[in-house]
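Asks: The file below is my_file.json, JSON, C-alpha atoms:
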[["chain", "number", "residue", "atom", "x", "y", "z"],
["G", 1, "MET", "CA", 117.03, 91.68, 100.52],
["G", 2, "SER", "CA", 119.80, 94.28, 100.48],
["G", 3, "GLU", "CA", 122.96, 93.17, 102.26],
["G", 4, "THR", "CA", 122.72, 96.04, 104.75],
["G", 5, "VAL", "CA", 119.16, 95.22, 105.73],
["G", 6, "ARG", "CA", 119.84, 91.49, 105.77],
["G", 7, "ALA", "CA", 122.78, 92.06, 108.12],
["G", 8, "ALA", "CA", 120.60, 94.17, 110.44],
["G", 9, "VAL", "CA", 117.89, 91.52, 110.62],
["G", 10, "GLU", "CA", 120.42, 88.75, 111.17],
["G", 11, "ALA", "CA", 122.04, 90.80, 113.94],
["G", 12, "GLU", "CA", 118.66, 91.14, 115.60],
["G", 13, "VAL", "CA", 118.29, 87.38, 115.48],
["G", 14, "ARG", "CA", 121.72, 86.80, 117.00],
["G", 15, "ASN", "CA", 121.16, 89.39, 119.72],
["G", 16, "GLY", "CA", 118.08, 87.84, 121.25],
["G", 17, "ALA", "CA", 115.47, 86.57, 118.81],
["G", 18, "GLN", "CA", 115.36, 82.78, 118.77],
["G", 19, "ALA", "CA", 113.70, 82.28, 115.42],
["G", 20, "VAL", "CA", 113.44, 83.73, 111.93],
["G", 21, "VAL", "CA", 111.16, 82.97, 108.99],
["G", 22, "ARG", "CA", 111.49, 84.48, 105.53],
["G", 23, "VAL", "CA", 108.79, 84.25, 102.84],
["G", 24, "ARG", "CA", 109.01, 85.21, 99.18],
["G", 25, "VAL", "CA", 105.78, 86.36, 97.52],
["G", 26, "PRO", "CA", 105.11, 87.42, 93.89],
["G", 27, "ALA", "CA", 103.49, 90.32, 92.11],
["G", 28, "LYS", "CA", 100.53, 89.77, 89.81],
["G", 29, "VAL", "CA", 99.17, 90.94, 86.49],
["G", 30, "ASN", "CA", 95.50, 90.79, 85.52],
["G", 31, "VAL", "CA", 95.18, 89.36, 82.02],
["G", 32, "GLN", "CA", 91.42, 89.83, 82.26],
["G", 33, "LEU", "CA", 89.75, 92.29, 84.60],
["G", 34, "SER", "CA", 86.04, 92.47, 83.85],
["G", 35, "VAL", "CA", 84.11, 94.72, 86.22],
["G", 36, "GLY", "CA", 80.40, 94.62, 87.02],
["G", 37, "ALA", "CA", 78.22, 97.41, 88.34],
["G", 38, "ALA", "CA", 78.71, 98.67, 91.88],
["G", 39, "ARG", "CA", 77.01, 96.49, 94.50],
["G", 40, "PRO", "CA", 75.06, 97.84, 97.48],
["G", 41, "ASP", "CA", 78.15, 97.23, 99.66],
["G", 42, "GLY", "CA", 80.21, 99.47, 97.37],
["G", 43, "PHE", "CA", 82.26, 96.64, 95.88],
["G", 44, "HIS", "CA", 82.01, 95.37, 92.29],
["G", 45, "ASP", "CA", 81.59, 91.82, 91.06],
["G", 46, "LEU", "CA", 84.64, 90.82, 89.03],
["G", 47, "ALA", "CA", 85.84, 88.22, 86.58],
["G", 48, "ASN", "CA", 89.51, 88.57, 87.36],
["G", 49, "VAL", "CA", 92.09, 86.32, 85.71],
["G", 50, "PHE", "CA", 95.33, 86.58, 87.67],
["G", 51, "LEU", "CA", 98.85, 85.59, 86.67],
["G", 52, "ALA", "CA", 101.59, 85.65, 89.29],
["G", 53, "VAL", "CA", 104.77, 87.14, 87.82],
["G", 54, "GLY", "CA", 108.40, 86.81, 88.84],
["G", 55, "LEU", "CA", 108.83, 90.09, 90.71],
["G", 56, "TYR", "CA", 108.97, 89.46, 94.44],
["G", 57, "ASP", "CA", 108.84, 91.00, 97.88],
["G", 58, "GLU", "CA", 110.49, 89.18, 100.78],
["G", 59, "ILE", "CA", 108.91, 89.22, 104.23],
["G", 60, "THR", "CA", 111.11, 88.37, 107.21],
["G", 61, "VAL", "CA", 109.58, 87.88, 110.67],
["G", 62, "THR", "CA", 111.34, 87.52, 114.01],
["G", 63, "PRO", "CA", 110.02, 87.58, 117.60],
["G", 64, "ALA", "CA", 109.88, 91.05, 119.17],
["G", 65, "ASP", "CA", 108.59, 92.88, 122.24],
["G", 66, "ALA", "CA", 105.72, 94.36, 120.21],
["G", 67, "LEU", "CA", 104.37, 94.35, 116.66],
["G", 68, "ARG", "CA", 106.44, 96.55, 114.41],
["G", 69, "VAL", "CA", 107.00, 96.91, 110.66],
["G", 70, "THR", "CA", 110.09, 98.05, 108.80],
["G", 71, "CYS", "CA", 110.70, 98.29, 105.08],
["G", 72, "ALA", "CA", 113.61, 98.69, 102.68],
["G", 73, "GLY", "CA", 114.07, 98.46, 98.91],
["G", 74, "ARG", "CA", 112.35, 100.05, 95.95],
["G", 75, "ASP", "CA", 110.04, 102.93, 96.96],
["G", 76, "ALA", "CA", 110.21, 101.83, 100.60],
["G", 77, "GLU", "CA", 109.53, 105.40, 101.73],
["G", 78, "GLN", "CA", 105.99, 105.08, 100.31],
["G", 79, "VAL", "CA", 105.12, 102.05, 102.44],
["G", 80, "PRO", "CA", 103.13, 102.72, 105.65],
["G", 81, "LEU", "CA", 104.79, 101.28, 108.73],
["G", 82, "ASP", "CA", 101.80, 101.46, 111.10],
["G", 83, "HIS", "CA", 98.99, 98.98, 111.60],
["G", 84, "THR", "CA", 97.30, 100.01, 108.34],
["G", 85, "ASN", "CA", 99.99, 98.02, 106.51],
["G", 86, "LEU", "CA", 98.47, 94.75, 105.27],
["G", 87, "ALA", "CA", 101.42, 92.82, 106.68],
["G", 88, "ALA", "CA", 100.67, 94.16, 110.15],
["G", 89, "ARG", "CA", 96.95, 93.53, 109.69],
["G", 90, "ALA", "CA", 97.72, 89.93, 108.68],
["G", 91, "ALA", "CA", 99.74, 89.34, 111.85],
["G", 92, "LEU", "CA", 97.00, 90.89, 113.98],
["G", 93, "ALA", "CA", 94.26, 88.83, 112.34],
["G", 94, "LEU", "CA", 96.14, 85.56, 112.74],
["G", 95, "ALA", "CA", 97.09, 86.29, 116.34],
["G", 96, "GLU", "CA", 93.53, 87.24, 117.28],
["G", 97, "ARG", "CA", 92.16, 84.06, 115.72],
["G", 98, "HIS", "CA", 94.49, 81.95, 117.86],
["G", 99, "GLY", "CA", 94.44, 84.05, 121.02],
["G", 100, "ILE", "CA", 98.14, 84.91, 121.02],
["G", 101, "ASP", "CA", 100.12, 88.14, 121.21],
["G", 102, "PRO", "CA", 101.18, 89.53, 117.81],
["G", 103, "HIS", "CA", 104.66, 90.35, 119.09],
["G", 104, "VAL", "CA", 106.69, 90.13, 115.91],
["G", 105, "HIS", "CA", 109.03, 92.29, 113.86],
["G", 106, "ILE", "CA", 107.93, 92.22, 110.22],
["G", 107, "HIS", "CA", 110.53, 93.39, 107.76],
["G", 108, "ILE", "CA", 109.48, 93.97, 104.14],
["G", 109, "ASP", "CA", 112.09, 94.03, 101.41],
["G", 110, "LYS", "CA", 110.30, 95.70, 98.49],
["G", 111, "ASP", "CA", 110.83, 94.88, 94.86],
["G", 112, "ILE", "CA", 107.20, 94.95, 93.67],
["G", 113, "PRO", "CA", 106.15, 98.46, 92.55],
["G", 114, "VAL", "CA", 104.27, 100.37, 95.28],
["G", 115, "ALA", "CA", 100.70, 101.47, 94.43],
["G", 116, "GLY", "CA", 101.34, 100.17, 90.92],
["G", 117, "GLY", "CA", 98.41, 97.83, 90.28],
["G", 118, "MET", "CA", 100.54, 94.71, 90.85],
["G", 119, "ALA", "CA", 99.23, 93.79, 94.32],
["G", 120, "GLY", "CA", 102.40, 94.69, 96.21],
["G", 121, "GLY", "CA", 100.55, 95.47, 99.42],
["G", 122, "SER", "CA", 98.44, 92.34, 99.06],
["G", 123, "ALA", "CA", 101.59, 90.31, 98.52],
["G", 124, "ASP", "CA", 103.02, 91.66, 101.76],
["G", 125, "GLY", "CA", 99.85, 90.72, 103.61],
["G", 126, "ALA", "CA", 99.90, 87.17, 102.26],
["G", 127, "GLY", "CA", 103.62, 86.83, 102.89],
["G", 128, "ALA", "CA", 103.36, 88.06, 106.48],
["G", 129, "LEU", "CA", 100.43, 85.73, 107.13],
["G", 130, "LEU", "CA", 102.37, 82.67, 105.99],
["G", 131, "ALA", "CA", 105.53, 83.83, 107.78],
["G", 132, "CYS", "CA", 103.75, 84.39, 111.10],
["G", 133, "ASP", "CA", 101.86, 81.11, 110.81],
["G", 134, "THR", "CA", 105.19, 79.37, 110.30],
["G", 135, "LEU", "CA", 107.01, 81.29, 113.04],
["G", 136, "TRP", "CA", 104.26, 80.58, 115.58],
["G", 137, "GLU", "CA", 104.06, 76.92, 114.43],
["G", 138, "LEU", "CA", 100.28, 77.11, 114.00],
["G", 139, "ASN", "CA", 100.19, 74.74, 111.01],
["G", 140, "SER", "CA", 97.07, 76.41, 109.62],
["G", 141, "SER", "CA", 95.47, 74.80, 106.59],
["G", 142, "GLN", "CA", 95.60, 76.62, 103.27],
["G", 143, "GLU", "CA", 91.81, 76.99, 103.51],
["G", 144, "GLU", "CA", 92.11, 78.81, 106.85],
["G", 145, "LEU", "CA", 94.86, 81.07, 105.54],
["G", 146, "LEU", "CA", 92.83, 81.88, 102.42],
["G", 147, "THR", "CA", 89.85, 82.79, 104.62],
["G", 148, "ILE", "CA", 91.98, 85.30, 106.53],
["G", 149, "CYS", "CA", 93.41, 86.58, 103.25],
["G", 150, "ALA", "CA", 89.89, 87.26, 101.93],
["G", 151, "GLU", "CA", 89.14, 89.27, 105.07],
["G", 152, "LEU", "CA", 92.24, 91.38, 104.46],
["G", 153, "GLY", "CA", 91.56, 92.30, 100.83],
["G", 154, "SER", "CA", 90.35, 91.13, 97.43],
["G", 155, "ASP", "CA", 93.81, 90.40, 95.96],
["G", 156, "VAL", "CA", 95.39, 88.88, 99.06],
["G", 157, "PRO", "CA", 94.15, 85.30, 98.51],
["G", 158, "PHE", "CA", 95.75, 85.12, 95.07],
["G", 159, "SER", "CA", 99.04, 86.45, 96.42],
["G", 160, "LEU", "CA", 99.12, 83.44, 98.73],
["G", 161, "LEU", "CA", 98.08, 80.98, 96.01],
["G", 162, "GLY", "CA", 100.08, 82.24, 93.01],
["G", 163, "GLY", "CA", 100.23, 80.52, 89.63],
["G", 164, "ALA", "CA", 97.14, 81.42, 87.62],
["G", 165, "ALA", "CA", 93.58, 81.67, 88.82],
["G", 166, "LEU", "CA", 90.14, 83.02, 88.04],
["G", 167, "GLY", "CA", 88.81, 85.26, 90.79],
["G", 168, "ILE", "CA", 85.11, 86.00, 91.07],
["G", 169, "GLY", "CA", 83.04, 87.88, 93.64],
["G", 170, "ARG", "CA", 85.38, 90.69, 94.68],
["G", 171, "GLY", "CA", 88.17, 88.59, 93.17],
["G", 172, "GLU", "CA", 88.75, 86.60, 96.35],
["G", 173, "GLN", "CA", 86.87, 83.44, 95.28],
["G", 174, "LEU", "CA", 89.58, 81.60, 93.36],
["G", 175, "THR", "CA", 89.66, 78.74, 90.88],
["G", 176, "PRO", "CA", 93.19, 77.68, 89.84],
["G", 177, "LEU", "CA", 93.85, 77.65, 86.10],
["G", 178, "ASP", "CA", 96.15, 75.52, 83.97],
["G", 179, "VAL", "CA", 98.95, 77.28, 82.09],
["G", 180, "ASP", "CA", 101.25, 75.63, 79.58],
["G", 181, "GLY", "CA", 104.74, 77.10, 79.49],
["G", 182, "ALA", "CA", 105.80, 80.65, 80.31],
["G", 183, "PHE", "CA", 104.63, 84.07, 79.22],
["G", 184, "HIS", "CA", 107.13, 86.92, 78.98],
["G", 185, "TRP", "CA", 106.27, 90.39, 80.22],
["G", 186, "VAL", "CA", 107.67, 93.88, 80.59],
["G", 187, "PHE", "CA", 106.27, 96.19, 83.25],
["G", 188, "ALA", "CA", 106.72, 99.94, 82.89],
["G", 189, "VAL", "CA", 106.64, 101.66, 86.28],
["G", 190, "ALA", "CA", 105.25, 105.18, 86.31],
["G", 191, "ASP", "CA", 106.13, 108.01, 88.66],
["G", 192, "GLY", "CA", 103.69, 108.10, 91.57],
["G", 193, "GLY", "CA", 100.84, 105.72, 92.26],
["G", 194, "LEU", "CA", 97.12, 105.45, 91.65],
["G", 195, "SER", "CA", 94.61, 104.74, 94.40],
["G", 196, "THR", "CA", 92.57, 101.64, 93.60],
["G", 197, "PRO", "CA", 89.41, 103.10, 95.25],
["G", 198, "ALA", "CA", 89.87, 106.28, 93.18],
["G", 199, "VAL", "CA", 90.12, 104.25, 89.97],
["G", 200, "PHE", "CA", 86.93, 102.36, 90.82],
["G", 201, "ARG", "CA", 85.16, 105.65, 91.56],
["G", 202, "GLU", "CA", 86.26, 106.94, 88.17],
["G", 203, "PHE", "CA", 85.00, 103.70, 86.58],
["G", 204, "ASP", "CA", 81.62, 104.34, 88.21],
["G", 205, "ARG", "CA", 81.61, 107.92, 86.95],
["G", 206, "LEU", "CA", 82.52, 106.96, 83.38],
["G", 207, "THR", "CA", 79.91, 104.17, 83.23],
["G", 208, "GLU", "CA", 77.11, 106.01, 85.02],
["G", 209, "GLY", "CA", 73.84, 105.41, 83.18],
["G", 210, "SER", "CA", 75.31, 102.65, 81.00],
["G", 211, "PHE", "CA", 74.32, 98.99, 81.01],
["G", 212, "ILE", "CA", 77.11, 96.96, 82.59],
["G", 213, "PRO", "CA", 76.87, 93.22, 81.91],
["G", 214, "ALA", "CA", 77.68, 90.67, 84.58],
["G", 215, "PRO", "CA", 81.42, 89.86, 84.35],
["G", 216, "VAL", "CA", 82.37, 86.41, 83.09],
["G", 217, "ALA", "CA", 85.67, 84.78, 82.19],
["G", 218, "ASP", "CA", 86.55, 84.85, 78.49],
["G", 219, "PRO", "CA", 86.79, 81.25, 77.16],
["G", 220, "ALA", "CA", 89.27, 82.34, 74.47],
["G", 221, "LEU", "CA", 91.57, 83.82, 77.09],
["G", 222, "LEU", "CA", 91.40, 80.72, 79.28],
["G", 223, "HIS", "CA", 92.20, 78.55, 76.26],
["G", 224, "ALA", "CA", 95.18, 80.76, 75.35],
["G", 225, "LEU", "CA", 96.57, 80.31, 78.86],
["G", 226, "SER", "CA", 96.10, 76.55, 78.87],
["G", 227, "ALA", "CA", 97.68, 76.29, 75.41],
["G", 228, "GLY", "CA", 100.61, 78.58, 76.23],
["G", 229, "ASP", "CA", 99.72, 80.69, 73.17],
["G", 230, "ALA", "CA", 101.10, 84.20, 73.66],
["G", 231, "VAL", "CA", 99.63, 85.53, 70.40],
["G", 232, "ALA", "CA", 96.15, 84.32, 71.31],
["G", 233, "LEU", "CA", 96.51, 85.68, 74.83],
["G", 234, "ALA", "CA", 97.55, 89.05, 73.44],
["G", 235, "GLY", "CA", 94.32, 89.19, 71.45],
["G", 236, "ALA", "CA", 92.20, 88.45, 74.51],
["G", 237, "LEU", "CA", 93.75, 90.78, 77.14],
["G", 238, "THR", "CA", 91.15, 93.09, 78.70],
["G", 239, "ASN", "CA", 90.99, 95.52, 81.60],
["G", 240, "ASP", "CA", 87.72, 97.34, 82.23],
["G", 241, "LEU", "CA", 89.53, 99.70, 84.62],
["G", 242, "GLN", "CA", 91.91, 100.91, 81.91],
["G", 243, "PRO", "CA", 89.71, 103.80, 80.70],
["G", 244, "ALA", "CA", 89.38, 105.01, 84.28],
["G", 245, "ALA", "CA", 93.13, 104.77, 84.89],
["G", 246, "LEU", "CA", 93.83, 106.65, 81.64],
["G", 247, "SER", "CA", 91.26, 109.28, 82.60],
["G", 248, "LEU", "CA", 93.09, 109.89, 85.86],
["G", 249, "ARG", "CA", 96.57, 109.54, 84.34],
["G", 250, "PRO", "CA", 96.37, 110.42, 80.58],
["G", 251, "THR", "CA", 100.15, 110.18, 80.17],
["G", 252, "LEU", "CA", 99.90, 106.39, 80.44],
["G", 253, "ALA", "CA", 98.62, 106.31, 76.85],
["G", 254, "ALA", "CA", 102.07, 107.34, 75.59],
["G", 255, "THR", "CA", 103.68, 104.51, 77.56],
["G", 256, "LEU", "CA", 101.26, 101.96, 76.11],
["G", 257, "ASP", "CA", 101.96, 103.24, 72.59],
["G", 258, "ALA", "CA", 105.73, 103.15, 73.09],
["G", 259, "GLY", "CA", 105.71, 99.51, 74.16],
["G", 260, "VAL", "CA", 103.56, 98.36, 71.25],
["G", 261, "GLU", "CA", 105.68, 100.30, 68.77],
["G", 262, "ALA", "CA", 108.75, 98.55, 70.20],
["G", 263, "GLY", "CA", 107.34, 95.12, 69.41],
["G", 264, "ALA", "CA", 105.09, 94.05, 72.28],
["G", 265, "LEU", "CA", 102.26, 91.73, 71.23],
["G", 266, "ALA", "CA", 99.84, 93.72, 73.39],
["G", 267, "ALA", "CA", 99.77, 96.28, 76.16],
["G", 268, "LEU", "CA", 97.39, 97.13, 78.98],
["G", 269, "VAL", "CA", 97.25, 98.91, 82.30],
["G", 270, "SER", "CA", 98.03, 96.44, 85.09],
["G", 271, "GLY", "CA", 95.03, 96.27, 87.39],
["G", 272, "SER", "CA", 94.16, 99.75, 88.62],
["G", 273, "GLY", "CA", 97.52, 101.08, 87.39],
["G", 274, "PRO", "CA", 99.58, 103.08, 86.90],
["G", 275, "THR", "CA", 102.03, 100.29, 86.01],
["G", 276, "THR", "CA", 101.57, 99.22, 82.39],
["G", 277, "ALA", "CA", 102.13, 95.64, 81.22],
["G", 278, "PHE", "CA", 103.49, 94.46, 77.86],
["G", 279, "LEU", "CA", 103.20, 90.86, 76.68],
["G", 280, "THR", "CA", 106.02, 89.76, 74.37],
["G", 281, "LYS", "CA", 106.65, 86.64, 72.33],
["G", 282, "ASP", "CA", 110.02, 85.77, 73.94],
["G", 283, "PRO", "CA", 112.66, 87.06, 76.39],
["G", 284, "GLU", "CA", 114.70, 88.69, 73.61],
["G", 285, "THR", "CA", 111.73, 90.80, 72.54],
["G", 286, "ALA", "CA", 111.05, 91.65, 76.17],
["G", 287, "ASP", "CA", 114.58, 92.99, 76.47],
["G", 288, "ARG", "CA", 114.12, 95.19, 73.39],
["G", 289, "VAL", "CA", 110.76, 96.48, 74.60],
["G", 290, "ALA", "CA", 112.20, 97.32, 78.02],
["G", 291, "GLU", "CA", 115.07, 99.26, 76.43],
["G", 292, "ALA", "CA", 112.69, 101.14, 74.15],
["G", 293, "LEU", "CA", 110.37, 102.05, 77.03],
["G", 294, "LEU", "CA", 113.26, 103.45, 79.04],
["G", 295, "ALA", "CA", 114.49, 105.41, 76.03],
["G", 296, "SER", "CA", 111.01, 106.80, 75.38],
["G", 297, "GLY", "CA", 111.03, 108.76, 78.64],
["G", 298, "THR", "CA", 107.44, 107.77, 79.33],
["G", 299, "CYS", "CA", 108.16, 105.69, 82.44],
["G", 300, "ARG", "CA", 110.46, 105.67, 85.45],
["G", 301, "THR", "CA", 111.77, 102.14, 84.94],
["G", 302, "ALA", "CA", 110.96, 98.96, 83.03],
["G", 303, "ARG", "CA", 111.10, 95.50, 84.58],
["G", 304, "MET", "CA", 111.09, 92.12, 82.82],
["G", 305, "ALA", "CA", 109.48, 89.04, 84.35],
["G", 306, "SER", "CA", 107.97, 85.73, 83.31],
["G", 307, "ALA", "CA", 104.70, 84.14, 84.41],
["G", 308, "PRO", "CA", 103.24, 82.17, 86.03],
["G", 309, "ALA", "CA", 105.22, 82.25, 89.25],
["G", 310, "ALA", "CA", 104.73, 80.32, 92.48],
["G", 311, "GLY", "CA", 102.73, 81.90, 95.28],
["G", 312, "ALA", "CA", 103.96, 82.73, 98.76],
["G", 313, "VAL", "CA", 106.67, 80.29, 99.82],
["G", 314, "VAL", "CA", 108.89, 79.94, 102.87],
["G", 315, "VAL", "CA", 112.51, 80.38, 101.79],
["G", 316, "ARG", "CA", 114.05, 80.30, 105.28],
["G", 317, "GLU", "CA", 112.75, 78.75, 108.49],
["G", 318, "ASP", "CA", 114.88, 78.56, 111.63],
["G", 319, "HIS", "CA", 113.24, 78.06, 115.00],
["G", 320, "ASP", "CA", 116.55, 78.07, 116.90],
["G", 321, "ALA", "CA", 118.50, 80.78, 115.15],
["G", 322, "ALA", "CA", 120.58, 81.71, 118.16]]
Please render this file's structure as structure tokens.
Replies:
Amino acid sequence: MSETVRAAVEAEVRNGAQAVVRVRVPAKVNVQLSVGAARPDGFHDLANVFLAVGLYDEITVTPADALRVTCAGRDAEQVPLDHTNLAARAALALAERHGIDPHVHIHIDKDIPVAGGMAGGSADGAGALLACDTLWELNSSQEELLTICAELGSDVPFSLLGGAALGIGRGEQLTPLDVDGAFHWVFAVADGGLSTPAVFREFDRLTEGSFIPAPVADPALLHALSAGDAVALAGALTNDLQPAALSLRPTLAATLDAGVEAGALAALVSGSGPTTAFLTKDPETADRVAEALLASGTCRTARMASAPAAGAVVVREDHDAA
């Protein structure tokens, strides 16, 4: 959280609010995103292998006269501050379930790319859910919180859980996965975002008339994760949405090429994009790849992070702040 914003929130606490809870929640990368044909409900069955990565948003909640959302940090101007924001929807869903008023100020400090295929909005929803549950002292079970997360969106449950997991169904039915050691990544952030629904529509257009097999997890990829083998993981990375993302944003191909030429083991579009992800063998290589990507002029910024990272976690809890 920036010092200016932190000071404003702390001043609000001192000037009347009696409690404050802050939650840190990670971004994600999909190391496998296998997509089935469109279902009658418009969704697609997925085999979605998530890794939480060490780029974080922080969600701070304090009591207020009414539900409101504020945001600061990277690309904060792109974040909706009305009740369409997943953080606000999380507070509303939790309050309705327990019959209480959702009177809370939710402040989002953004560091996860916005509309970048790294589940930044989903992270905010999961973070706000845990923060409000803690603030209101509801002591909900993880199972109950995950149920609410699944109602909010396909990626929200994993944002709460973190680590590594296989998601099936829409991606919300999670099985935790073992990972040995750390994997080192570079994320190249593009100008502008890509709409996830638009990318899925383009996937449907590109695959119209083609046979689409039922998505299943790749055993070789799961073994690479459990063995901590970056080279093997690089050979197994897949994203069925990548052709659709490249169709909508052809310039991403140059970014992918630049990262591989700089020494990345492999590159792929992260989720629905337009952020691109580069797996490297070690932190030193990650640093070189990030520098080369910035120098290439094919991206707005390049961020380094390791995985897996912990899921949503309370980093401050004070029920008598005044």
Asks: I'd like to know which of G:Asp229, G:Asp204, G:Asp180, G:Glu137 is closest to Leu94 of chain G, using all atoms listed in the file.
Replies: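 Closest to Leu94 of chain G of all the choices is G:Glu137.
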Asks: Which residues come within 9 Å of segment 150-166 of chain G, counting only C-alpha atoms, excluding same-chain residues fewer than 5 positions away, as a ChimeraX atom specification?
Replies: /G:25-28,47-53,86,89-90,93,119-127,129-130,142,145,171-179,217,225,307-313
Asks: Using all atoms listed in the file for the distances, tell me which of G:Ala230, G:Ser34, G:Asp318, G:Thr70 is nearest to Leu279 of chain G.
Replies: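 Closest to Leu279 of chain G of all the choices is G:Ala230.
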Asks: At most 9 Å from (108.3, 83.4, 82.4), file frame, all atoms listed in the file: which residues, as a PyMOL selection string?
Replies: chain G and resi 53-54+181-185+282-283+305-309
Asks: Record the distance separating atom CA of Ala115 of chain G and atom CA of Ala245 of chain G, expressed in Å with one decimal.
Replies: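 One can read the atom CA of Ala115 of chain G to atom CA of Ala245 of chain G distance as 12.6 Å.
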Asks: Counting all atoms listed in the file, figure out which residue out of G:Pro213, G:Gly73, G:Pro243, G:Gly263 gets nearest to Val289 of chain G.
Replies: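 Residue with the minimum atom-to-atom distance to Val289 of chain G: G:Gly263.
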Asks: Nearest to Gly36 of chain G: which of G:Gly167, G:Pro215, G:Pro102, G:Gly209 is it, counting only C-alpha atoms?
Replies: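 Ranking G:Gly167, G:Pro215, G:Pro102, G:Gly209 by distance to Gly36 of chain G, first place goes to G:Pro215.
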Asks: Give as a list in words every residue, naming chains and numbers as the document does, that has an atom within 10 Å of (99.1, 90.6, 117.1), counting all atoms listed in the file.
Replies: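 Applying the cut-off with all atoms listed in the file, one gets Ala66, Leu67, Arg68, Ala88, Arg89, Ala90, Ala91, Leu92, Ala93, Leu94, Ala95, Glu96, Arg97, His98, Gly99, Ile100, Asp101, Pro102, His103, Val104 and Cys132 of chain G.
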Asks: Would you mind reading off the distance between atom CA of Asp109 of chain G and atom CA of Ala286 of chain G, one decimal, in Å?
Replies: 25.4 Å
Asks: Choose the residue, out of G:Phe211, G:Phe278, G:Phe203, G:Trp136, that has the smallest atom-to-atom separation from Phe187 of chain G; count all atoms listed in the file.
Replies: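 Closest candidate: G:Phe278.
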Asks: Which residues come within 9 Å of Ser272 of chain G, counting all atoms listed in the file, excluding same-chain residues fewer than 5 positions away, as a ChimeraX atom specification?
Replies: /G:115-118,194-197,199-200,239,241-242,244-245
Asks: Select, from G:Pro113, G:Pro63, G:Gly193, G:Pro219, the residue with the minimum atom-to-atom distance to Ala302 of chain G, counting only C-alpha atoms.
Replies: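 Checking each of G:Pro113, G:Pro63, G:Gly193, G:Pro219 against Ala302 of chain G, counting only C-alpha atoms, the winner is G:Pro113.
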Asks: Figure out the distance between atom CA of Ser140 of chain G and atom CA of Asn30 of chain G, please, to one decimal in Å.
Replies: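 Atom CA of Asn30 of chain G sits 28.1 Å away from atom CA of Ser140 of chain G.
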Asks: Let me have the centre and edge lengths of the axis-aligned box enclosing all listed atoms of segment 116-120 of chain G with 8 Å padding on every side, in Å to one decimal, as AutoDock Vina command-line options.
Replies:
--center_x 100.4 --center_y 97.0 --center_z 93.2 --size_x 20.0 --size_y 22.4 --size_z 21.9
